[in-house]
Amino acid sequence: AQLESAKQELTQSRETLEELQEPAFYITNRFSITDYTAFDEDSQKIDAIAKIFPVFFIIVAALVCMTAMTRMIDEQRTQAGVYKALGYSSGKIVMKYLVYALIPAILGSAAGAAAGMRWIPQIIYDGYRIMYSMPVLHSPVRMPYFWGCVAVSVALVIGVVVLSVWREMQLRPAELMRPKAPKAGKRVLLERVPFVWNKFSFLAKVTVRNLMRQKKRFLMTVFGVAGCTALILAGFGLRYSIASILDLQYGKIFCYDGAVVVNTGLVEDPTAAAQNIAENDNVENALAVGRVAVNAYTQELDEKQYETSLMIVPDGQDLSIYLNLRAYQTGETMIPDQSGMILTAKLADLLDLKVGDTICLRMTDNRIKEIRVSGIAENYALHFGYVTESFYEQEFGEKNPENMILFNLKDYADKTDFAETVVQDERYLGLSYLSDSVQMFSKSMHSIDTVILMLIIFAGGLAITVLYTLASINITERTREIATLRVLGFSDAETSEYIFRENVVSVVTGILAGWLMGIFLHRFVVTTAEIDLVMFNRALAWHSYLISSVITAGFALLVNFVLHFRIIHTDMVESLKSVE
């Protein structure tokens, strides 16, 4: 009897084993973890930004160095002429100025590189620790980068010094030992437009002529201010481009409040599971859709595949309360139909697809389907494709899995109570609210704010350096003029206003030029900093222009305020002595 019972049990076990389906295996690694992937994407953004902005600082540093060395040569023309008269070669004279410039260049670049590698990464890293649980960062001074920064600075200084000094060294000693003649004033272009020029006051005409007399210095000031404005504009523009995704993606495109994942292995009737959610007292409405994970690629770019969520929606269903599919370029409302699949814009851009092209979808069982692209929809986070239920059944040969339920809650709904009800029901695998995604995304903006703050500080330092250097040189060259004005009875405020008129015009011109530069820089930064899964908003908000202008103007006013005291303390007696 026991043997017969054992045989029967064995037979039943074999029948049960035969009825079991082949198991599905899912292989994951650390890159599949959401937080790990998010941190990797954030680091890619910082890396992209770090490749762009230093170029501005290098260019401006070269301009400031050239201005300072040119001014130094002008002040020491007589000394250089004496050296040449005594038999010193031009190369040895150039070497004197080269050594003078190299010492601060080496010391400054070494200090800056060491501080930059130790402190700046720490500041940015601490900003990201608000979002992620990470260990303490160790940021040692890496010698290859250190010597690379020093080498760039040294090469820059050598080129600037040789360019600034060598031209003067071509003059004869007798010419060098005499003071350099001031540039002669010339008629400016505005004078050829009488109805404009005649409306200028005397001081306005003097300001225009002085600016045109020193075109090189004027252009350098404009470029320095424009660089500062462009950096700040691009920084705030980048923040807006990222922050606005919240409203665009989770407010205007995704209109549902949350999603419930259905346990399709247990539920035989997904429609009934969706109806159960819709009848909950907390729910306003609900819609069962299918969500299938696929890899998207093209025949031309089959070496690169992108993870995409294929969304299957019921035929003829009004999606406006759940999804707002809008054409990327025109903003027109789109509805999935039998003509193909609606593709999101970022994926279309990555695969270089347009309406009418064919996209390849690799399923989890390695089946490959070629689908026509019927439209390109606006989307900013992740990759999606939208098809109708009948199209999916026709093209893929299987029913809509209806494994996800989109829902909207009532105004007075208790989110916690509803979530507990769903989690306790074995028919559902889980629930997620869009508000949780919004909150998580908002935290990431703290790290961006840290980067923007650093960018403003560095851009401000750039503007102050350029404005102070050029304005200081301008004051030094015009001490006799300043002393004359004060002897004639000009007040301190009138004297400063007379001198700083040119500075104000240069700053205003630089800000306007910075807007133009900032537009292109912002577009370049946004497209460079984007990752595969996210598309940033390419628009620039009006307040970015305003903030960048106010900050740059504030730095200019600070420089004028400091130099005002230098003007009013000009020694009139010494300044009016003959230069002979």
# chains A, B, ... in the order shown; residues from 1 in each chain; ligands from 1

call {"tool": "residues_around", "arguments": {"residues": "stretch 107-109 of chain A", "least_positions_apart": "3", "cutoff": "9 Å", "atoms": "only C-alpha atoms", "output": "list in words"}}
result
Leu102, Ile103, Pro104, Gly112, Ala113, Ala114, Phe146, Cys149, Val150, Ala151, Val152, Ser153 and Val154 of chain A

call {"tool": "write_last_selection", "arguments": {"atoms": "all heavy atoms", "output": "JSON list (two decimals), in the first residue's frame"}}
result
[["chain", "number", "residue", "atom", "x", "y", "z"],
["A", 102, "LEU", "N", 56.10, 84.95, -15.64],
["A", 102, "LEU", "CA", 56.04, 83.53, -15.36],
["A", 102, "LEU", "C", 55.93, 83.23, -13.87],
["A", 102, "LEU", "O", 55.28, 82.26, -13.47],
["A", 102, "LEU", "CB", 57.27, 82.81, -15.93],
["A", 102, "LEU", "CG", 57.24, 82.52, -17.43],
["A", 102, "LEU", "CD1", 58.54, 81.91, -17.88],
["A", 102, "LEU", "CD2", 56.07, 81.59, -17.77],
["A", 103, "ILE", "N", 56.58, 84.05, -13.04],
["A", 103, "ILE", "CA", 56.54, 83.79, -11.59],
["A", 103, "ILE", "C", 55.11, 83.81, -11.05],
["A", 103, "ILE", "O", 54.66, 82.84, -10.43],
["A", 103, "ILE", "CB", 57.44, 84.79, -10.83],
["A", 103, "ILE", "CG1", 58.91, 84.53, -11.18],
["A", 103, "ILE", "CG2", 57.21, 84.68, -9.33],
["A", 103, "ILE", "CD1", 59.87, 85.54, -10.58],
["A", 104, "PRO", "N", 54.32, 84.88, -11.29],
["A", 104, "PRO", "CA", 52.93, 84.82, -10.81],
["A", 104, "PRO", "C", 52.09, 83.78, -11.55],
["A", 104, "PRO", "O", 51.16, 83.21, -10.97],
["A", 104, "PRO", "CB", 52.39, 86.23, -11.06],
["A", 104, "PRO", "CG", 53.29, 86.81, -12.10],
["A", 104, "PRO", "CD", 54.63, 86.20, -11.88],
["A", 112, "GLY", "N", 45.89, 77.58, -7.83],
["A", 112, "GLY", "CA", 44.54, 77.36, -8.34],
["A", 112, "GLY", "C", 44.26, 75.91, -8.65],
["A", 112, "GLY", "O", 43.17, 75.41, -8.36],
["A", 113, "ALA", "N", 45.23, 75.22, -9.25],
["A", 113, "ALA", "CA", 45.03, 73.81, -9.57],
["A", 113, "ALA", "C", 44.89, 72.97, -8.31],
["A", 113, "ALA", "O", 44.02, 72.09, -8.21],
["A", 113, "ALA", "CB", 46.20, 73.29, -10.41],
["A", 114, "ALA", "N", 45.74, 73.25, -7.31],
["A", 114, "ALA", "CA", 45.66, 72.50, -6.06],
["A", 114, "ALA", "C", 44.33, 72.75, -5.35],
["A", 114, "ALA", "O", 43.66, 71.81, -4.89],
["A", 114, "ALA", "CB", 46.83, 72.87, -5.14],
["A", 146, "PHE", "N", 47.55, 68.38, -12.39],
["A", 146, "PHE", "CA", 48.21, 69.55, -11.80],
["A", 146, "PHE", "C", 49.21, 70.16, -12.78],
["A", 146, "PHE", "O", 49.16, 71.35, -13.10],
["A", 146, "PHE", "CB", 48.90, 69.14, -10.50],
["A", 146, "PHE", "CG", 49.67, 70.25, -9.84],
["A", 146, "PHE", "CD1", 49.04, 71.12, -8.96],
["A", 146, "PHE", "CD2", 51.03, 70.41, -10.08],
["A", 146, "PHE", "CE1", 49.75, 72.14, -8.35],
["A", 146, "PHE", "CE2", 51.75, 71.42, -9.47],
["A", 146, "PHE", "CZ", 51.10, 72.29, -8.61],
["A", 149, "CYS", "N", 47.57, 71.76, -15.86],
["A", 149, "CYS", "CA", 47.05, 73.12, -15.64],
["A", 149, "CYS", "C", 48.19, 74.14, -15.64],
["A", 149, "CYS", "O", 48.07, 75.22, -16.24],
["A", 149, "CYS", "CB", 46.29, 73.19, -14.32],
["A", 149, "CYS", "SG", 44.79, 72.20, -14.28],
["A", 150, "VAL", "N", 49.29, 73.80, -14.97],
["A", 150, "VAL", "CA", 50.44, 74.71, -14.93],
["A", 150, "VAL", "C", 51.01, 74.91, -16.32],
["A", 150, "VAL", "O", 51.36, 76.03, -16.72],
["A", 150, "VAL", "CB", 51.52, 74.17, -13.96],
["A", 150, "VAL", "CG1", 52.77, 75.03, -14.03],
["A", 150, "VAL", "CG2", 50.98, 74.12, -12.54],
["A", 151, "ALA", "N", 51.09, 73.83, -17.10],
["A", 151, "ALA", "CA", 51.65, 73.92, -18.45],
["A", 151, "ALA", "C", 50.80, 74.82, -19.34],
["A", 151, "ALA", "O", 51.34, 75.62, -20.12],
["A", 151, "ALA", "CB", 51.76, 72.52, -19.07],
["A", 152, "VAL", "N", 49.47, 74.71, -19.22],
["A", 152, "VAL", "CA", 48.58, 75.57, -20.01],
["A", 152, "VAL", "C", 48.79, 77.03, -19.65],
["A", 152, "VAL", "O", 48.88, 77.90, -20.53],
["A", 152, "VAL", "CB", 47.10, 75.16, -19.80],
["A", 152, "VAL", "CG1", 46.17, 76.19, -20.41],
["A", 152, "VAL", "CG2", 46.84, 73.79, -20.41],
["A", 153, "SER", "N", 48.89, 77.31, -18.36],
["A", 153, "SER", "CA", 49.09, 78.70, -17.92],
["A", 153, "SER", "C", 50.44, 79.24, -18.39],
["A", 153, "SER", "O", 50.52, 80.38, -18.86],
["A", 153, "SER", "CB", 49.01, 78.77, -16.39],
["A", 153, "SER", "OG", 47.75, 78.36, -15.94],
["A", 154, "VAL", "N", 51.47, 78.44, -18.27],
["A", 154, "VAL", "CA", 52.81, 78.88, -18.69],
["A", 154, "VAL", "C", 52.84, 79.13, -20.20],
["A", 154, "VAL", "O", 53.37, 80.15, -20.66],
["A", 154, "VAL", "CB", 53.87, 77.83, -18.28],
["A", 154, "VAL", "CG1", 55.21, 78.13, -18.95],
["A", 154, "VAL", "CG2", 54.02, 77.80, -16.77]]

call {"tool": "residues_around", "arguments": {"residues": "A:Arg501", "least_positions_apart": "3", "cutoff": "10 Å", "atoms": "only C-alpha atoms", "output": "PyMOL selection string"}}
result
chain A and resi 203-204+206-208+211+496-498+504-507

call {"tool": "closest_atom_pairs", "arguments": {"of": "stretch 290-346 of chain A", "to": "stretch 382-392 of chain A", "cutoff": "9 Å", "atoms": "only C-alpha atoms", "output": "Markdown table"}}
result
| residue | atom | partner | partner_atom | distance |
| --- | --- | --- | --- | --- |
| A:Gly290 | CA | A:Glu389 | CA | 8.5 |
| A:Tyr306 | CA | A:His383 | CA | 8.0 |
| A:Glu307 | CA | A:His383 | CA | 7.1 |
| A:Thr308 | CA | A:His383 | CA | 4.9 |
| A:Ser309 | CA | A:Phe384 | CA | 4.8 |
| A:Leu310 | CA | A:Gly385 | CA | 4.7 |
| A:Met311 | CA | A:Tyr386 | CA | 4.9 |
| A:Ile312 | CA | A:Val387 | CA | 5.2 |
| A:Val313 | CA | A:Thr388 | CA | 5.0 |
| A:Pro314 | CA | A:Glu389 | CA | 5.1 |
| A:Asp315 | CA | A:Thr388 | CA | 5.5 |
| A:Gly316 | CA | A:Thr388 | CA | 8.5 |
| A:Ile335 | CA | A:Tyr386 | CA | 9.0 |
| A:Pro336 | CA | A:Val387 | CA | 5.5 |
| A:Asp337 | CA | A:Thr388 | CA | 6.0 |
| A:Gln338 | CA | A:Phe391 | CA | 5.6 |
| A:Ser339 | CA | A:Phe391 | CA | 8.4 |
| A:Gly340 | CA | A:Val387 | CA | 6.9 |
| A:Met341 | CA | A:Val387 | CA | 5.1 |
| A:Ile342 | CA | A:Tyr386 | CA | 5.0 |
| A:Leu343 | CA | A:Gly385 | CA | 4.7 |
| A:Thr344 | CA | A:Phe384 | CA | 5.7 |
| A:Ala345 | CA | A:His383 | CA | 8.4 |
| A:Lys346 | CA | A:His383 | CA | 7.2 |

call {"tool": "residues_around", "arguments": {"residues": "A:Pro140", "least_positions_apart": "5", "cutoff": "10 Å", "atoms": "only C-alpha atoms", "output": "ChimeraX atom specification"}}
result
/A:114,117-119

call {"tool": "write_last_selection", "arguments": {"atoms": "all heavy atoms", "output": "short mmCIF file (atom, residue, chain, number, x, y, z; two decimals), in the first residue's frame"}}
result
data_model
loop_
_atom_site.label_atom_id
_atom_site.label_comp_id
_atom_site.auth_asym_id
_atom_site.auth_seq_id
_atom_site.Cartn_x
_atom_site.Cartn_y
_atom_site.Cartn_z
N ALA A 114 45.74 73.25 -7.31
CA ALA A 114 45.66 72.50 -6.06
C ALA A 114 44.33 72.75 -5.35
O ALA A 114 43.66 71.81 -4.89
CB ALA A 114 46.83 72.87 -5.14
N MET A 117 41.38 71.12 -7.34
CA MET A 117 41.26 69.67 -7.23
C MET A 117 40.89 69.21 -5.83
O MET A 117 40.34 68.12 -5.65
CB MET A 117 42.57 69.00 -7.66
CG MET A 117 42.74 68.95 -9.17
SD MET A 117 44.18 68.01 -9.70
CE MET A 117 45.45 69.25 -9.54
N ARG A 118 41.15 70.03 -4.83
CA ARG A 118 40.83 69.65 -3.45
C ARG A 118 39.46 70.15 -3.00
O ARG A 118 38.71 69.42 -2.35
CB ARG A 118 41.91 70.19 -2.50
CG ARG A 118 43.26 69.50 -2.61
CD ARG A 118 43.16 68.01 -2.28
NE ARG A 118 42.71 67.80 -0.93
CZ ARG A 118 43.52 67.74 0.13
NH1 ARG A 118 44.82 67.88 -0.03
NH2 ARG A 118 43.03 67.55 1.33
N TRP A 119 39.11 71.37 -3.35
CA TRP A 119 37.93 72.00 -2.77
C TRP A 119 36.71 71.96 -3.68
O TRP A 119 35.61 71.66 -3.23
CB TRP A 119 38.23 73.46 -2.40
CG TRP A 119 39.23 73.59 -1.30
CD1 TRP A 119 39.54 72.63 -0.38
CD2 TRP A 119 40.05 74.72 -1.01
NE1 TRP A 119 40.51 73.09 0.47
CE2 TRP A 119 40.85 74.38 0.12
CE3 TRP A 119 40.20 75.98 -1.56
CZ2 TRP A 119 41.77 75.25 0.68
CZ3 TRP A 119 41.12 76.85 -1.00
CH2 TRP A 119 41.89 76.50 0.10
#

call {"tool": "select_by_dssp", "arguments": {"residues": "stretch 301-462 of chain A", "states": "alpha helix (DSSP H)", "output": "PDB file with C-alpha atoms, in the first residue's frame"}}
result
ATOM      1  CA  ALA A 345      11.293  63.084 -29.198  1.00  0.00           C
ATOM      2  CA  LYS A 346      14.530  62.179 -27.419  1.00  0.00           C
ATOM      3  CA  LEU A 347      14.483  58.620 -28.728  1.00  0.00           C
ATOM      4  CA  ALA A 348      13.703  59.866 -32.225  1.00  0.00           C
ATOM      5  CA  ASP A 349      16.651  62.242 -31.983  1.00  0.00           C
ATOM      6  CA  LEU A 350      19.024  59.525 -30.738  1.00  0.00           C
ATOM      7  CA  GLU A 389      -4.487  47.811 -28.525  1.00  0.00           C
ATOM      8  CA  SER A 390      -5.623  46.525 -31.924  1.00  0.00           C
ATOM      9  CA  PHE A 391      -2.371  47.606 -33.600  1.00  0.00           C
ATOM     10  CA  TYR A 392      -0.369  45.777 -30.945  1.00  0.00           C
ATOM     11  CA  GLU A 393      -2.399  42.573 -31.333  1.00  0.00           C
ATOM     12  CA  GLN A 394      -2.062  42.760 -35.112  1.00  0.00           C
ATOM     13  CA  GLU A 395       1.670  43.506 -35.278  1.00  0.00           C
ATOM     14  CA  PHE A 396       2.918  41.558 -32.251  1.00  0.00           C
ATOM     15  CA  LYS A 415      -3.104  58.653  -0.413  1.00  0.00           C
ATOM     16  CA  THR A 416      -1.784  56.581   2.471  1.00  0.00           C
ATOM     17  CA  ASP A 417      -5.034  54.667   2.927  1.00  0.00           C
ATOM     18  CA  PHE A 418      -5.321  53.959  -0.797  1.00  0.00           C
ATOM     19  CA  ALA A 419      -1.683  52.800  -1.016  1.00  0.00           C
ATOM     20  CA  GLU A 420      -2.166  50.414   1.922  1.00  0.00           C
ATOM     21  CA  THR A 421      -5.273  48.969   0.317  1.00  0.00           C
ATOM     22  CA  VAL A 422      -3.463  48.302  -2.955  1.00  0.00           C
ATOM     23  CA  VAL A 423      -0.334  46.852  -1.355  1.00  0.00           C
ATOM     24  CA  GLN A 424      -2.380  44.414   0.773  1.00  0.00           C
ATOM     25  CA  LEU A 434       3.913  60.833  -9.697  1.00  0.00           C
ATOM     26  CA  SER A 435       4.324  63.213  -6.769  1.00  0.00           C
ATOM     27  CA  ASP A 436       7.072  60.931  -5.419  1.00  0.00           C
ATOM     28  CA  SER A 437       8.959  61.252  -8.702  1.00  0.00           C
ATOM     29  CA  VAL A 438       8.520  65.028  -8.605  1.00  0.00           C
ATOM     30  CA  GLN A 439       9.820  65.204  -5.045  1.00  0.00           C
ATOM     31  CA  MET A 440      12.819  63.055  -5.884  1.00  0.00           C
ATOM     32  CA  PHE A 441      13.579  65.166  -8.936  1.00  0.00           C
ATOM     33  CA  SER A 442      13.283  68.374  -6.899  1.00  0.00           C
ATOM     34  CA  LYS A 443      16.004  67.185  -4.541  1.00  0.00           C
ATOM     35  CA  SER A 444      18.381  66.813  -7.469  1.00  0.00           C
ATOM     36  CA  MET A 445      18.073  70.567  -8.064  1.00  0.00           C
ATOM     37  CA  HIS A 446      20.089  71.227  -4.882  1.00  0.00           C
ATOM     38  CA  SER A 447      23.190  69.857  -6.590  1.00  0.00           C
ATOM     39  CA  ILE A 448      22.515  71.977  -9.669  1.00  0.00           C
ATOM     40  CA  ASP A 449      22.130  75.047  -7.433  1.00  0.00           C
ATOM     41  CA  THR A 450      25.588  74.358  -6.009  1.00  0.00           C
ATOM     42  CA  VAL A 451      27.081  74.301  -9.494  1.00  0.00           C
ATOM     43  CA  ILE A 452      25.217  77.490 -10.469  1.00  0.00           C
ATOM     44  CA  LEU A 453      26.457  79.292  -7.336  1.00  0.00           C
ATOM     45  CA  MET A 454      30.049  78.340  -8.102  1.00  0.00           C
ATOM     46  CA  LEU A 455      29.550  79.459 -11.690  1.00  0.00           C
ATOM     47  CA  ILE A 456      28.280  82.878 -10.548  1.00  0.00           C
ATOM     48  CA  ILE A 457      31.223  83.302  -8.160  1.00  0.00           C
ATOM     49  CA  PHE A 458      33.788  82.438 -10.833  1.00  0.00           C
ATOM     50  CA  ALA A 459      32.038  84.521 -13.493  1.00  0.00           C
ATOM     51  CA  GLY A 460      31.914  87.430 -11.040  1.00  0.00           C
ATOM     52  CA  GLY A 461      35.621  87.067 -10.363  1.00  0.00           C
ATOM     53  CA  LEU A 462      36.229  87.102 -14.100  1.00  0.00           C
TER      54      LEU A 462
END

call {"tool": "atom_distance", "arguments": {"atom1": "atom CA of A:Ala463", "atom2": "atom CA of A:Phe555"}}
result
6.9 Å

call {"tool": "atom_distance", "arguments": {"atom1": "atom CA of A:Ala377", "atom2": "atom CA of A:Gly258"}}
result
20.9 Å
